[in-house]
Structures are given as structure tokens and as C-alpha cells.
Amino acid sequence: MSAQPARSYGGIDAGERVRVRRNQLIDAALGIMATDQWRTVTVARVCSTAGLNKRYFYESFDTLDALAAAVVEETARHVSESAVLAFAMSAKKSLQERAFQSIDAAVRALVEDPRRARVLFDAVSASPAVLAHRAAVVQGLATILVQHAREVHDVKLERDSLARVTPAFLVGGTAEAIMSWLNGTVDITLEQLIDDLSTLWLITGNGAADHARRRLPEEKP
């Protein structure tokens, strides 16, 4: 028996409708996770929040953990793509300007929808598997956000331990600063936050690179 072609409704084919419903579920889950209610969530609640029939959940996800993992991945992807695009578009500018553009894009991607920052950096009640997945995704995000800085330094510096410690230090501190700003404990404007974070990234990155250069072993002729 030949397969029936997917029907189109209102000019939207079946594949696109599945994608739209998947995004609705991800958005609903993002809100629930950001308010730290994921531990007690049910498929029925997610679907109700998304405005979908429960049967549509399983066309995109097998489990709630799979949905939570998708939320984390989509959130990190949005932030990393924003930062990488900003860095690429500022190719002819100075290092300081490129750093500012990248940090500006990443921070705005997180705070324009505070749920993103809370899901990536704040406490979220979830299964150990989801929390482990989040840690891995954030580590990947850290690598993406700092890799452009290595373009201006000797690749040999990657042998230094600072090349592994500095990214974690910067991303962890940046996450804490963003959460403090969102929670109102850092009383400055968004523009000041971005400028201060950009300054700290440059100072720390340049300082770590200079120190690593000084302790490189001399190459044998």
C-alpha cells in the first residue's frame, strides 16, 4: 500500500505543523522550568500550558526528560548563535569592539527573555539526567563563547592550564552577574552590565594569555 501524501491545511504542511507544535511545547516547558516547578510537572500540564491536546506531546517527545533536554539545548543554541553572529559581523573591528559585540549579543539573548537565563544558570528542580545534560550543554556554550578570543592568541597557549580554567571562570562569573542583575541585587542598567562584563572578559582573557605566555617552556631549536 502506498503512503498517503501529507495534507496541507491553510498552506502549512504536516511537517511544519509538527515543528510549530514542538516549539509550543518547548516554550511552555521553558516557562515551567524557569519557575522551578519541573519536578512535579505532568505531560497533561505541559500540553495545557501549550494549548495542545495531550496526544501531540508524543509526536515530538518520548518523555518529559526529553522535552527538558530540548529546552536546554534550544536555549543554549539561541545564545551561542547570537554571540557567534555578532562576532562574525564585527570582523573588521578591534578586539575590544568585537568582545563587546559578542557579550552584548549573548547577554541580551539571555535577558530579553529572562526564562532563558533562569533555565541555564539558576536552580531548576529536574531529574539528575536533565541536570547532567544541562551541565554538559552549558560547558559547550562556554567553549563557543570563548573560542573567538583564542583567535588572537598563540595556539600554543592552549597547552596551559589557564586555557581550561579561564573559560569556566568567565562563564560562571558572567552567569552569576546576570542572575544577580535579573534578581535586582545588582542595581545598574543593562548597558552598564554589558559594558562591565565585556571589560572583565577582556581584562581576564588578556591577563591569562599574557601569564600563559610567560610560563611557556622555551622551544628547542
# chains A, B, ... in the order shown; residues from 1 in each chain; ligands from 1
>>> select_by_dssp(residues="range 10-171 of chain A", states="alpha helix (DSSP H)", output="VMD selection string")
chain A and resid 14 to 34 43 to 50 64 to 89 95 to 111 114 to 121 128 to 150 162 to 171
>>> closest_atom_pairs(of="range 11-58 of chain A", to="range 116-134 of chain A", cutoff="8 Å", atoms="only C-alpha atoms", output="Markdown table")
| residue | atom | partner | partner_atom | distance |
| --- | --- | --- | --- | --- |
| A:Leu30 | CA | A:Val119 | CA | 7.2 |
| A:Met33 | CA | A:Val119 | CA | 6.3 |
| A:Ala34 | CA | A:Val119 | CA | 5.3 |
| A:Thr35 | CA | A:Val124 | CA | 8.0 |
| A:Asp36 | CA | A:Val124 | CA | 5.1 |
| A:Gln37 | CA | A:Ser125 | CA | 6.7 |
| A:Trp38 | CA | A:Ser125 | CA | 5.8 |
| A:Arg39 | CA | A:Ala126 | CA | 5.2 |
>>> atom_distance(atom1="CA of Leu141 in chain A", atom2="CA of Arg21 in chain A")
26.1 Å
>>> closest_residue(among="A:Glu73, A:Asp27, A:Glu112, A:Glu16", to="Gln139 in chain A", atoms="only C-alpha atoms")
A:Glu73
>>> residues_around(residues="Glu81 in chain A", least_positions_apart="2", cutoff="10 Å", atoms="only C-alpha atoms", output="count of residues only")
15
>>> residues_around(residues="Asp104 in chain A", least_positions_apart="4", cutoff="10 Å", atoms="only C-alpha atoms", output="count of residues only")
15
>>> atom_distance(atom1="CA of Ser60 in chain A", atom2="CA of Thr75 in chain A")
17.4 Å
>>> closest_residue(among="A:Trp201, A:Ala66, A:Gly31, A:Leu25", to="Lys54 in chain A", atoms="only C-alpha atoms")
A:Leu25
